[in-house]
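The file upload13.cif contains mmCIF, C-alpha atoms:
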```cif
data_data
#
loop_
_atom_site.label_atom_id
_atom_site.label_comp_id
_atom_site.auth_asym_id
_atom_site.auth_seq_id
_atom_site.Cartn_x
_atom_site.Cartn_y
_atom_site.Cartn_z
CA ASP A 97 167.78 81.67 53.98
CA LEU A 98 165.23 82.48 56.64
CA ARG A 99 166.35 85.97 57.23
CA LYS A 100 164.26 88.68 58.87
CA PRO A 101 163.27 91.41 56.47
CA THR A 102 165.33 94.50 57.09
CA ARG A 103 163.42 97.71 57.71
CA ARG A 104 164.53 100.89 56.09
CA TRP A 105 165.48 103.49 58.65
CA ARG A 106 163.60 106.74 58.48
CA ARG A 107 164.21 109.95 60.31
CA PRO A 108 161.38 110.61 62.79
CA VAL A 109 159.14 113.52 61.78
CA GLU A 110 158.97 116.25 64.36
CA LYS A 111 155.40 117.30 65.18
CA LYS A 112 154.92 121.01 65.34
CA SER A 113 152.45 122.10 68.01
CA THR A 114 150.31 124.97 66.82
CA ARG A 115 148.73 125.42 70.25
CA GLY A 116 149.85 128.55 71.99
CA ASP A 117 152.34 129.58 69.29
CA LYS A 118 152.86 133.26 68.92
CA LYS A 119 153.79 135.05 65.78
CA GLU A 120 156.61 137.52 65.88
CA GLY A 121 155.41 140.84 67.18
CA ASP A 122 151.98 139.43 68.30
CA TYR A 123 151.85 140.11 72.05
CA SER A 124 148.26 141.43 72.22
CA HIS A 125 146.81 138.42 74.11
CA LEU A 126 148.22 136.54 77.05
CA PHE A 127 146.02 133.48 76.36
CA GLN A 128 145.69 132.05 72.88
CA LYS A 129 142.38 130.75 71.51
CA THR A 130 141.92 126.97 71.68
CA PRO A 131 138.61 126.37 69.88
CA ARG A 132 136.78 123.12 70.61
CA ASN A 133 135.96 120.58 67.97
CA PHE A 134 132.55 118.93 68.48
CA ARG A 135 132.90 116.30 65.75
CA ILE A 136 132.75 112.55 66.48
CA GLY A 137 135.33 111.45 69.03
CA GLN A 138 136.47 114.99 69.81
CA SER A 139 135.41 117.40 72.57
CA ILE A 140 132.50 116.58 74.91
CA GLN A 141 129.20 117.74 73.45
CA PRO A 142 127.51 120.74 75.12
CA LYS A 143 124.29 120.21 77.09
CA ARG A 144 121.19 120.67 74.96
CA ASN A 145 117.47 120.72 75.69
CA LEU A 146 116.31 117.30 74.42
CA SER A 147 112.69 117.54 75.65
CA ARG A 148 111.58 117.77 72.00
CA PHE A 149 112.99 114.31 71.34
CA VAL A 150 111.65 112.65 74.52
CA LYS A 151 108.89 110.08 74.09
CA TRP A 152 106.60 111.27 76.87
CA PRO A 153 104.20 108.88 78.65
CA LYS A 154 100.83 108.43 76.97
CA TYR A 155 98.83 110.25 79.67
CA ILE A 156 101.04 113.36 79.27
CA ARG A 157 100.62 113.29 75.47
CA ILE A 158 96.82 113.01 75.87
CA GLN A 159 96.82 115.94 78.35
CA ARG A 160 98.73 118.16 75.92
CA GLN A 161 96.67 117.14 72.89
CA ARG A 162 93.45 117.82 74.82
CA ALA A 163 94.70 121.28 75.88
CA ILE A 164 95.56 122.19 72.26
CA LEU A 165 92.26 120.79 70.97
CA LYS A 166 90.33 122.97 73.46
CA GLN A 167 92.17 126.04 72.11
CA ARG A 168 91.35 125.17 68.48
CA LEU A 169 87.60 124.62 68.99
CA LYS A 170 84.86 127.23 69.26
CA VAL A 171 83.61 126.77 72.84
CA PRO A 172 79.91 127.29 73.77
CA PRO A 173 79.08 129.86 76.52
CA ALA A 174 78.13 127.24 79.15
CA ILE A 175 81.65 125.77 78.99
CA HIS A 176 83.43 129.07 78.27
CA GLN A 177 82.22 130.57 81.59
CA PHE A 178 84.62 128.25 83.48
CA GLY A 179 87.54 130.23 82.05
CA ASN A 180 86.20 133.34 83.84
CA THR A 181 87.88 132.74 87.22
CA ILE A 182 88.46 135.19 90.08
CA ASP A 183 91.80 137.04 90.15
CA LYS A 184 94.78 136.36 92.41
CA ASN A 185 93.92 138.93 95.13
CA GLN A 186 90.31 137.73 95.39
CA ALA A 187 91.51 134.11 95.56
CA MET A 188 93.92 134.96 98.43
CA THR A 189 91.09 136.59 100.41
CA LEU A 190 88.76 133.66 99.74
CA PHE A 191 91.19 130.87 100.67
CA LYS A 192 92.23 132.73 103.82
CA LEU A 193 88.56 132.75 104.86
CA LEU A 194 87.90 129.12 103.86
CA ALA A 195 91.01 127.87 105.72
CA LYS A 196 89.38 128.89 109.03
CA TYR A 197 86.49 126.47 108.42
CA ARG A 198 88.35 123.33 107.40
CA PRO A 199 86.54 120.16 108.53
CA GLU A 200 88.24 117.92 111.09
CA ASN A 201 90.58 115.21 109.84
CA ARG A 202 90.54 111.54 110.88
CA LYS A 203 92.91 112.03 113.81
CA GLU A 204 90.89 114.90 115.30
CA LYS A 205 87.65 112.95 114.84
CA LYS A 206 89.16 109.90 116.57
CA GLU A 207 90.27 112.02 119.55
CA ARG A 208 86.83 113.66 119.83
CA LEU A 209 85.00 110.32 119.77
CA ALA A 210 87.46 108.86 122.32
CA LYS A 211 86.69 111.73 124.74
CA ILE A 212 82.94 111.15 124.33
CA ALA A 213 83.41 107.39 124.94
CA GLU A 214 85.46 108.05 128.11
CA ALA A 215 82.81 110.41 129.44
CA GLN A 216 80.07 107.83 128.77
CA ALA A 217 82.12 105.09 130.51
CA LYS A 218 82.42 107.26 133.64
CA ASN A 219 78.70 108.17 133.45
CA GLU A 220 79.69 111.81 132.99
CA LYS A 221 77.93 114.25 130.73
CA ALA A 222 80.07 115.05 127.70
CA ASP A 223 80.61 118.70 126.73
CA GLU A 224 77.87 119.38 124.24
CA LYS A 225 79.10 121.99 121.83
CA SER A 226 77.00 123.74 119.23
CA LYS A 227 77.06 122.41 115.68
CA PRO A 228 80.51 123.22 114.20
CA LYS A 229 80.70 125.72 111.34
CA VAL A 230 82.72 123.92 108.69
CA LEU A 231 83.05 123.71 104.91
CA LYS A 232 80.58 121.46 103.14
CA PHE A 233 81.88 119.40 100.23
CA GLY A 234 80.59 116.68 97.94
CA LEU A 235 78.51 117.49 94.87
CA ASN A 236 75.25 115.87 96.05
CA HIS A 237 75.48 117.56 99.45
CA ILE A 238 76.15 120.99 97.89
CA THR A 239 73.25 120.54 95.45
CA THR A 240 70.88 119.89 98.39
CA LEU A 241 72.20 122.98 100.23
CA VAL A 242 71.75 125.20 97.15
CA GLU A 243 68.23 123.88 96.47
CA SER A 244 67.22 124.51 100.08
CA ARG A 245 68.97 127.96 99.97
CA LYS A 246 71.12 127.10 103.00
CA ALA A 247 74.43 127.72 101.20
CA ARG A 248 75.76 131.26 101.59
CA LEU A 249 78.66 130.88 99.11
CA VAL A 250 79.51 128.13 96.61
CA VAL A 251 83.06 127.79 95.24
CA ILE A 252 83.44 125.72 92.04
CA ALA A 253 86.71 124.42 90.53
CA HIS A 254 87.40 125.34 86.89
CA ASP A 255 89.22 122.12 85.90
CA VAL A 256 86.71 119.40 86.82
CA ASP A 257 86.98 116.39 84.52
CA PRO A 258 84.46 115.57 83.06
CA LEU A 259 83.09 119.11 83.14
CA GLU A 260 79.49 117.85 82.84
CA LEU A 261 79.59 117.12 86.60
CA VAL A 262 79.43 120.85 87.46
CA LEU A 263 78.21 122.35 84.17
CA TRP A 264 74.70 122.95 85.52
CA LEU A 265 75.74 124.23 88.98
CA PRO A 266 76.21 127.96 88.06
CA ALA A 267 72.73 128.01 86.49
CA LEU A 268 71.21 126.42 89.63
CA CYS A 269 72.99 128.96 91.90
CA ARG A 270 71.64 131.85 89.79
CA LYS A 271 68.11 130.43 89.89
CA MET A 272 68.19 130.03 93.69
CA GLY A 273 69.96 133.35 94.27
CA VAL A 274 73.03 131.78 95.91
CA PRO A 275 76.35 133.64 95.42
CA PHE A 276 78.99 131.51 93.69
CA CYS A 277 82.45 131.89 92.14
CA ILE A 278 84.82 129.83 89.99
CA VAL A 279 88.41 129.32 91.16
CA LYS A 280 91.47 127.75 89.60
CA GLY A 281 92.42 124.30 90.80
CA LYS A 282 90.33 121.43 92.13
CA ALA A 283 93.45 120.33 94.09
CA ARG A 284 93.39 123.61 96.07
CA LEU A 285 89.79 122.95 97.12
CA GLY A 286 90.71 119.32 97.90
CA ALA A 287 93.48 120.46 100.26
CA LEU A 288 90.88 122.40 102.31
CA CYS A 289 88.77 119.25 102.77
CA HIS A 290 91.62 116.74 103.35
CA GLN A 291 91.00 115.22 99.91
CA LYS A 292 93.13 114.91 96.77
CA THR A 293 90.66 116.93 94.70
CA CYS A 294 87.27 118.52 95.25
CA THR A 295 84.79 119.72 92.61
CA ALA A 296 83.07 122.32 94.80
CA VAL A 297 82.77 123.53 98.40
CA ALA A 298 80.11 125.58 100.18
CA LEU A 299 79.86 127.79 103.28
CA THR A 300 76.59 127.63 105.20
CA ALA A 301 77.56 129.70 108.27
CA VAL A 302 80.51 131.73 109.57
CA ASP A 303 81.56 133.26 112.87
CA LYS A 304 80.44 136.77 113.76
CA GLN A 305 83.87 138.30 113.10
CA ASP A 306 83.94 136.86 109.54
CA GLU A 307 80.45 138.04 108.53
CA ARG A 308 81.75 141.30 107.08
CA ALA A 309 84.54 139.62 105.09
CA LEU A 310 82.08 137.13 103.59
CA SER A 311 79.52 139.79 102.61
CA GLN A 312 82.26 141.97 101.03
CA PHE A 313 83.60 139.04 99.00
CA CYS A 314 80.10 138.05 97.81
CA ALA A 315 79.48 141.66 96.71
CA SER A 316 82.77 141.78 94.75
CA VAL A 317 82.03 138.47 93.00
CA GLU A 318 78.32 139.06 92.32
CA SER A 319 78.90 141.41 89.36
CA MET A 320 81.14 138.81 87.62
CA TYR A 321 78.55 136.02 87.70
CA GLU A 322 75.27 137.94 87.93
CA GLU A 323 74.18 137.28 84.33
CA PRO A 324 74.84 134.09 82.36
CA GLN A 325 77.66 134.42 79.86
CA LYS A 326 76.52 134.63 76.25
CA ALA A 327 79.89 135.04 74.54
CA TRP A 328 81.34 132.05 72.71
CA GLY A 329 84.98 131.15 73.26
CA GLN A 330 86.86 132.04 70.06
CA PRO A 331 89.42 129.51 68.74
CA GLN A 332 93.14 130.23 69.04
CA TYR A 333 95.03 129.21 65.92
CA GLY A 334 98.49 127.64 65.89
CA ILE A 335 101.57 129.46 64.54
CA LYS A 336 101.42 127.74 61.11
CA ALA A 337 97.73 128.58 60.60
CA ARG A 338 98.37 132.21 61.64
CA HIS A 339 101.17 132.53 59.05
CA LYS A 340 98.88 131.09 56.35
CA ILE A 341 96.08 133.53 57.25
CA ARG A 342 98.50 136.49 57.12
CA ALA A 343 99.89 135.34 53.76
CA ARG A 344 96.31 135.03 52.40
CA GLU A 345 95.47 138.54 53.65
CA ARG A 346 98.58 139.97 51.94
CA GLU A 347 97.57 138.36 48.63
CA LEU A 348 94.05 139.79 48.91
CA GLU A 349 95.45 143.26 49.64
CA LYS A 350 97.67 143.03 46.54
CA GLU A 351 94.67 142.05 44.39
CA ARG A 352 92.62 144.97 45.78
CA ALA A 353 95.48 147.39 45.10
CA LYS A 354 95.69 146.17 41.46
CA ARG A 355 91.92 146.58 40.92
CA PHE A 356 91.71 150.11 42.28
CA ALA A 357 95.08 151.29 40.92
#
```

Could you show the structure in this file as structure tokens?
Amino acid sequence: DLRKPTRRWRRPVEKKSTRGDKKEGDYSHLFQKTPRNFRIGQSIQPKRNLSRFVKWPKYIRIQRQRAILKQRLKVPPAIHQFGNTIDKNQAMTLFKLLAKYRPENRKEKKERLAKIAEAQAKNEKADEKSKPKVLKFGLNHITTLVESRKARLVVIAHDVDPLELVLWLPALCRKMGVPFCIVKGKARLGALCHQKTCTAVALTAVDKQDERALSQFCASVESMYEEPQKAWGQPQYGIKARHKIRARERELEKERAKRFA
């Protein structure tokens, strides 16, 4: 006989819901706790900071490794002086002054040359203005100005790469008696000159109303950079190395205590 197999009937099991059940006499809380379960296939995982596990691009890894390596090495005075930058208040005063003497951009230059060309076409005499007082930039140009003592203030960026490009410039400024200062950010100097970055800028002349501001700033900066720095940059150890050094010091102290006990 091709009969279908008969299934044994079972009474359905009633599922007891534990969620929100109250015990007798427990009326202390209106809402019952419903803890989340973060195991596989359960509640959605909370947001975590995964930057530790990110494989960063190679240029970022090189940047970070270079920064750590600079901290670990003992830096000679000629390089260490570039960490001695002016403070925030001095930088605000300086950039406010430099912003007044930004050189003309391409659009302004085009308009100026167009006006001169129109005047020449009409056989009119163009308005001859005196030489404009603007920021000078470009390392070769600034070197010439410093050597001829025409520069009144030289501003050098602290993060020039490679640093050898401007390593000799503070020594040259001291030799020629030209005031100079080191500021943070070659991009900030670049923004003044309509460039992406700029290693150094120089002021050769200012308006009469800015003479006092320039002389006051030079006086405030002169004491910082008057003498060449002789101090070496001391290395900064990582957290693991610091713990090892402390542990070694503790062991030495214990040995000393035993000897003199």

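For the residues A:Lys225, A:Lys292, A:Leu194, A:Leu263, ranking by smallest atom-to-atom distance to Ile212 of chain A using all atoms listed in the file places A:Lys225 first.
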
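Counting all atoms listed in the file, the residue from A:Val230, A:Pro266, A:Gly273, A:Ala195 that sits nearest to Arg245 of chain A is A:Gly273.
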
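Against this structure, the PyMOL selection byres ((chain A and resi 303-312) around 9) ends up with Thr189, Leu190, Leu193, Lys229, Arg248, Leu249, Ala301, Val302, Phe313, Cys314, Ala315, Ser316 and Val317 of chain A.
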
List as a PyMOL selection string the residues having at least one atom at most 12 Å from position (71.7, 126.6, 82.7) as given in the file, counting all atoms listed in the file. chain A and resi 173-175+177+260+262-271+323-326

Provide the atom CA of Glu322 of chain A to atom CA of Leu231 of chain A distance in Å, to one decimal place. 23.5 Å

Take the PyMOL selection byres ((chain A and resi 294) around 7), run it mentally on this structure, and tell me the resulting residues as a CSV table (one decimal) with C-alpha atoms, in the coordinates of the input.
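Result saved to out-v6.csv:
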```
chain,number,residue,atom,x,y,z
A,282,LYS,CA,90.3,121.4,92.1
A,283,ALA,CA,93.4,120.3,94.1
A,285,LEU,CA,89.8,123.0,97.1
A,286,GLY,CA,90.7,119.3,97.9
A,291,GLN,CA,91.0,115.2,99.9
A,293,THR,CA,90.7,116.9,94.7
A,295,THR,CA,84.8,119.7,92.6
A,296,ALA,CA,83.1,122.3,94.8
```

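Minimum atom-to-atom distances from A:Gln332, A:Arg346, A:Val274, A:Ser147 to Val171 of chain A were compared using all atoms listed in the file, and the lowest value belongs to A:Gln332.
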
Show me a table, sorted first by chain and then by increasing residue number, of the residues of segment 233-348 of chain A having an atom at most 12 Å from segment 159-167 of chain A, each with its shortest atom pair and the distance in Å to one decimal, counting all atoms listed in the file and written as JSON lines.
```
{"residue": "A:Asp255", "atom": "CA", "partner": "A:Ala163", "partner_atom": "CA", "distance": 11.5}
{"residue": "A:Asp257", "atom": "CA", "partner": "A:Gln159", "partner_atom": "CA", "distance": 11.6}
{"residue": "A:Gly329", "atom": "CA", "partner": "A:Gln167", "partner_atom": "CA", "distance": 8.9}
{"residue": "A:Gln330", "atom": "CA", "partner": "A:Gln167", "partner_atom": "CA", "distance": 8.3}
{"residue": "A:Pro331", "atom": "CA", "partner": "A:Gln167", "partner_atom": "CA", "distance": 5.6}
{"residue": "A:Gln332", "atom": "CA", "partner": "A:Gln167", "partner_atom": "CA", "distance": 5.3}
{"residue": "A:Tyr333", "atom": "CA", "partner": "A:Gln167", "partner_atom": "CA", "distance": 7.5}
{"residue": "A:Gly334", "atom": "CA", "partner": "A:Ile164", "partner_atom": "CA", "distance": 8.9}
```

Assuming the input is short of atoms at segment 253-264 of chain A, produce all heavy atoms for that part as a short mmCIF file (atom, residue, chain, number, x, y, z; two decimals), in the frame of the given file.
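Okay, this is what ended up in result-v9.cif:
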```cif
data_model
loop_
_atom_site.label_atom_id
_atom_site.label_comp_id
_atom_site.auth_asym_id
_atom_site.auth_seq_id
_atom_site.Cartn_x
_atom_site.Cartn_y
_atom_site.Cartn_z
N ALA A 253 85.40 124.55 91.19
CA ALA A 253 86.71 124.42 90.53
C ALA A 253 86.53 124.53 89.02
O ALA A 253 85.53 124.07 88.47
CB ALA A 253 87.36 123.09 90.89
N HIS A 254 87.51 125.12 88.34
CA HIS A 254 87.40 125.34 86.89
C HIS A 254 87.86 124.14 86.06
O HIS A 254 87.56 124.06 84.87
CB HIS A 254 88.22 126.58 86.48
CG HIS A 254 89.65 126.31 86.18
ND1 HIS A 254 90.53 125.78 87.11
CD2 HIS A 254 90.37 126.48 85.03
CE1 HIS A 254 91.71 125.64 86.55
NE2 HIS A 254 91.65 126.06 85.30
N ASP A 255 88.60 123.20 86.67
CA ASP A 255 89.22 122.12 85.90
C ASP A 255 88.66 120.74 86.26
O ASP A 255 89.40 119.76 86.31
CB ASP A 255 90.74 122.13 86.11
CG ASP A 255 91.15 122.03 87.58
OD1 ASP A 255 90.27 122.23 88.44
OD2 ASP A 255 92.33 121.77 87.85
N VAL A 256 87.36 120.69 86.51
CA VAL A 256 86.71 119.40 86.82
C VAL A 256 86.67 118.56 85.55
O VAL A 256 86.39 119.07 84.47
CB VAL A 256 85.29 119.62 87.37
CG1 VAL A 256 84.60 118.30 87.66
CG2 VAL A 256 85.33 120.46 88.63
N ASP A 257 86.96 117.28 85.69
CA ASP A 257 86.98 116.39 84.52
C ASP A 257 86.17 115.13 84.84
O ASP A 257 86.51 114.43 85.79
CB ASP A 257 88.43 116.02 84.18
CG ASP A 257 88.52 115.23 82.88
OD1 ASP A 257 87.76 115.56 81.96
OD2 ASP A 257 89.34 114.30 82.81
N PRO A 258 85.07 114.81 84.16
CA PRO A 258 84.46 115.57 83.06
C PRO A 258 83.71 116.79 83.58
O PRO A 258 83.15 116.78 84.68
CB PRO A 258 83.51 114.55 82.44
CG PRO A 258 83.18 113.62 83.55
CD PRO A 258 84.39 113.54 84.43
N LEU A 259 83.68 117.82 82.74
CA LEU A 259 83.09 119.11 83.14
C LEU A 259 81.58 119.04 83.31
O LEU A 259 80.99 119.88 83.99
CB LEU A 259 83.45 120.17 82.08
CG LEU A 259 83.26 121.64 82.47
CD1 LEU A 259 84.13 122.00 83.67
CD2 LEU A 259 83.57 122.55 81.31
N GLU A 260 80.95 118.02 82.73
CA GLU A 260 79.49 117.85 82.84
C GLU A 260 79.03 117.70 84.28
O GLU A 260 77.86 117.94 84.59
CB GLU A 260 79.02 116.62 82.04
CG GLU A 260 79.05 116.81 80.54
CD GLU A 260 80.42 116.58 79.93
OE1 GLU A 260 81.39 116.35 80.68
OE2 GLU A 260 80.51 116.64 78.70
N LEU A 261 79.94 117.30 85.18
CA LEU A 261 79.59 117.12 86.60
C LEU A 261 79.12 118.43 87.23
O LEU A 261 78.23 118.44 88.09
CB LEU A 261 80.79 116.57 87.38
CG LEU A 261 81.20 115.12 87.10
CD1 LEU A 261 82.52 114.81 87.77
CD2 LEU A 261 80.14 114.16 87.59
N VAL A 262 79.76 119.56 86.84
CA VAL A 262 79.43 120.85 87.46
C VAL A 262 78.90 121.87 86.45
O VAL A 262 78.72 123.04 86.79
CB VAL A 262 80.66 121.46 88.18
CG1 VAL A 262 81.02 120.67 89.41
CG2 VAL A 262 81.85 121.57 87.25
N LEU A 263 78.62 121.43 85.23
CA LEU A 263 78.21 122.35 84.17
C LEU A 263 76.91 123.08 84.49
O LEU A 263 76.72 124.24 84.13
CB LEU A 263 78.06 121.55 82.86
CG LEU A 263 78.07 122.31 81.55
CD1 LEU A 263 79.39 123.04 81.36
CD2 LEU A 263 77.84 121.37 80.38
N TRP A 264 76.03 122.41 85.20
CA TRP A 264 74.70 122.95 85.52
C TRP A 264 74.68 123.74 86.83
O TRP A 264 73.70 124.44 87.12
CB TRP A 264 73.71 121.78 85.67
CG TRP A 264 74.31 120.67 86.49
CD1 TRP A 264 75.03 119.62 86.03
CD2 TRP A 264 74.32 120.56 87.92
NE1 TRP A 264 75.47 118.84 87.08
CE2 TRP A 264 75.05 119.40 88.25
CE3 TRP A 264 73.76 121.31 88.94
CZ2 TRP A 264 75.25 118.99 89.55
CZ3 TRP A 264 73.95 120.91 90.26
CH2 TRP A 264 74.69 119.76 90.55
#
```
